[in-house]
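This is coords-v7.txt (compact mmCIF, C-alpha atoms).
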```txt
# COMPACT_ATOMS: atom_id res chain seq x y z
CA MET U 1309 -3.89 24.60 32.16
CA ALA U 1310 -5.20 21.50 30.36
CA THR U 1311 -3.53 19.97 27.37
CA THR U 1312 -4.94 17.31 25.12
CA SER U 1313 -3.12 14.68 23.21
CA THR U 1314 -4.25 11.99 20.87
CA PRO U 1315 -3.47 8.58 22.34
CA GLN U 1316 -1.50 6.26 20.08
CA PRO U 1317 -3.17 2.84 20.15
CA ASP U 1318 -0.02 0.89 19.28
CA SER U 1319 3.42 1.24 17.77
CA SER U 1320 2.14 0.58 14.25
CA SER U 1321 -0.01 3.74 14.31
CA ASN U 1322 2.89 5.73 12.83
CA LEU U 1323 3.16 3.30 9.92
CA SER U 1324 1.09 5.12 7.37
CA ILE U 1325 0.32 4.18 3.79
CA THR U 1326 0.93 6.92 1.21
CA VAL U 1327 -1.31 7.08 -1.87
CA GLU U 1328 -0.47 9.23 -4.90
CA SER U 1329 -3.49 9.26 -7.20
CA ASN U 1330 -2.98 9.26 -10.95
CA PRO U 1331 0.73 10.09 -11.12
CA SER U 1332 1.92 11.53 -14.44
CA ASP U 1333 3.34 9.30 -17.18
CA SER U 1334 6.68 11.06 -16.71
CA ARG U 1335 6.67 10.19 -12.98
CA LEU U 1336 5.88 6.53 -13.76
CA SER U 1337 8.60 6.48 -16.41
CA GLU U 1338 11.10 8.09 -14.02
CA LEU U 1339 10.39 5.32 -11.47
CA GLY U 1340 10.73 2.60 -14.13
CA ILE U 1341 7.36 1.08 -13.23
CA GLN U 1342 7.15 -1.03 -16.40
CA SER U 1343 10.32 -2.93 -15.43
CA TRP U 1344 9.04 -3.83 -11.94
CA PRO U 1345 7.67 -7.33 -11.29
CA LYS U 1346 3.91 -7.83 -11.45
CA TRP U 1347 1.60 -9.40 -8.88
CA GLY U 1348 -2.12 -9.99 -8.83
CA CYS U 1349 -4.85 -11.57 -6.76
CA PRO U 1350 -8.59 -12.23 -7.00
CA PRO U 1351 -11.15 -10.61 -4.69
CA GLY U 1352 -10.89 -11.78 -1.08
CA LYS U 1353 -9.25 -10.98 2.25
CA TYR U 1354 -5.51 -11.37 2.68
CA MET U 1355 -3.47 -10.92 5.86
CA LEU U 1356 -0.08 -9.46 4.96
CA LYS U 1357 3.05 -8.29 6.77
CA PHE U 1358 5.46 -6.03 4.93
CA GLU U 1359 9.03 -6.98 5.87
CA ALA U 1360 10.34 -4.20 3.61
CA GLU U 1361 8.88 -0.94 2.33
CA GLU U 1362 6.94 -1.56 -0.86
CA THR U 1363 6.07 0.88 -3.61
CA CYS U 1364 3.41 -0.35 -5.99
CA TYR U 1365 1.39 0.94 -8.93
CA LEU U 1366 -2.06 -0.54 -9.42
CA VAL U 1367 -2.87 -1.21 -13.07
CA LYS U 1368 -6.31 -2.50 -12.09
CA GLY U 1369 -8.27 -3.37 -9.01
CA LYS U 1370 -9.60 -1.88 -5.80
CA VAL U 1371 -8.65 -2.62 -2.19
CA LYS U 1372 -9.26 -1.42 1.37
CA VAL U 1373 -6.24 -1.95 3.64
CA TYR U 1374 -6.93 -2.27 7.36
CA PRO U 1375 -3.80 -1.94 9.55
CA LYS U 1376 -3.72 -4.65 12.24
CA GLY U 1377 -5.70 -3.64 15.31
CA SER U 1378 -7.51 -0.78 13.55
CA SER U 1379 -11.03 -0.41 12.20
CA GLU U 1380 -9.88 2.46 9.95
CA TYR U 1381 -8.71 1.72 6.42
CA VAL U 1382 -6.91 3.20 3.45
CA GLU U 1383 -8.59 2.62 0.09
CA PHE U 1384 -6.81 2.69 -3.26
CA GLY U 1385 -7.19 1.28 -6.73
CA ALA U 1386 -6.30 1.41 -10.40
CA GLY U 1387 -4.07 4.37 -11.26
CA ASP U 1388 -2.72 4.83 -7.72
CA LEU U 1389 0.96 4.81 -6.75
CA VAL U 1390 1.16 3.50 -3.19
CA THR U 1391 3.94 3.29 -0.61
CA ILE U 1392 3.48 0.76 2.18
CA PRO U 1393 5.87 1.11 5.14
CA GLN U 1394 8.19 -1.61 6.39
CA GLY U 1395 6.79 -3.45 9.39
CA LEU U 1396 3.10 -2.91 8.60
CA SER U 1397 0.80 -5.85 9.34
CA CYS U 1398 -2.56 -5.45 7.67
CA THR U 1399 -5.55 -7.07 6.01
CA TRP U 1400 -6.18 -6.40 2.33
CA ASP U 1401 -9.90 -6.53 1.55
CA VAL U 1402 -9.81 -6.81 -2.26
CA SER U 1403 -13.15 -5.97 -3.93
CA VAL U 1404 -11.88 -5.91 -7.55
CA SER U 1405 -9.05 -8.23 -8.71
CA ILE U 1406 -5.63 -6.61 -8.26
CA ASP U 1407 -2.98 -6.32 -10.97
CA LYS U 1408 0.01 -4.28 -9.86
CA HIS U 1409 3.68 -3.53 -10.47
CA TYR U 1410 5.72 -3.52 -7.26
CA LYS U 1411 9.18 -2.86 -5.89
CA PHE U 1412 10.63 -3.45 -2.44
CA ALA U 1413 13.09 -0.96 -0.97
CA SER U 1414 16.59 -2.39 -0.79
CA SER U 1415 17.89 -3.16 2.69
CA SER U 1416 21.12 -1.25 2.05
CA SER U 1417 20.90 2.51 2.47
```
Could I get this structure in the form of structure tokens?
Amino acid sequence: MATTSTPQPDSSSNLSITVESNPSDSRLSELGIQSWPKWGCPPGKYMLKFEAEETCYLVKGKVKVYPKGSSEYVEFGAGDLVTIPQGLSCTWDVSVSIDKHYKFASSSS
């Protein structure tokens, strides 16, 4: 009897980015998005490592995020609520300038 399994290329393969498109105003209000710090960047490629889980809400922009060692990407942009896992190393390929609110998860549980 043959079984098949999908090989896992590296340990970061289980670090997946979650994208919630166009969350409701009540959801954004519940999270307190407007009180989070803001960050932005112009178009370009940026190599980033997330030392803590980040939740961010893109006010404007568009980006493709390529996890390190992968040719696959996750694309998100204005109006998306995104959760990026702790420990993810990736390249952000920004095609439209980013303006986002962000929050890092606290280290205490």
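Using all atoms listed in the file, the shortest contact distance between Ile1325 (chain U) and any of U:Gly1395, U:Gly1387, U:Gly1377, U:Pro1351 is found at U:Gly1395.
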Check your understanding: U:Pro1350, U:Pro1345, U:Pro1331, U:Gly1369: which is nearest Gly1385 (chain U), counting all atoms listed in the file?
Key -> U:Gly1369
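We find CA of Ser1329 (chain U) and CA of Ser1414 (chain U) to be spaced 24.1 Å apart.
Across the structure, CA of Val1367 (chain U) and CA of Thr1399 (chain U) are spaced 20.1 Å apart.
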Review point. Quick one: residues within 8 Å of Ala1360 (chain U), only C-alpha atoms counted, chain neighbours fewer than 3 positions away excluded, as a PyMOL selection string?
Key: chain U and resi 1393-1395+1412-1415
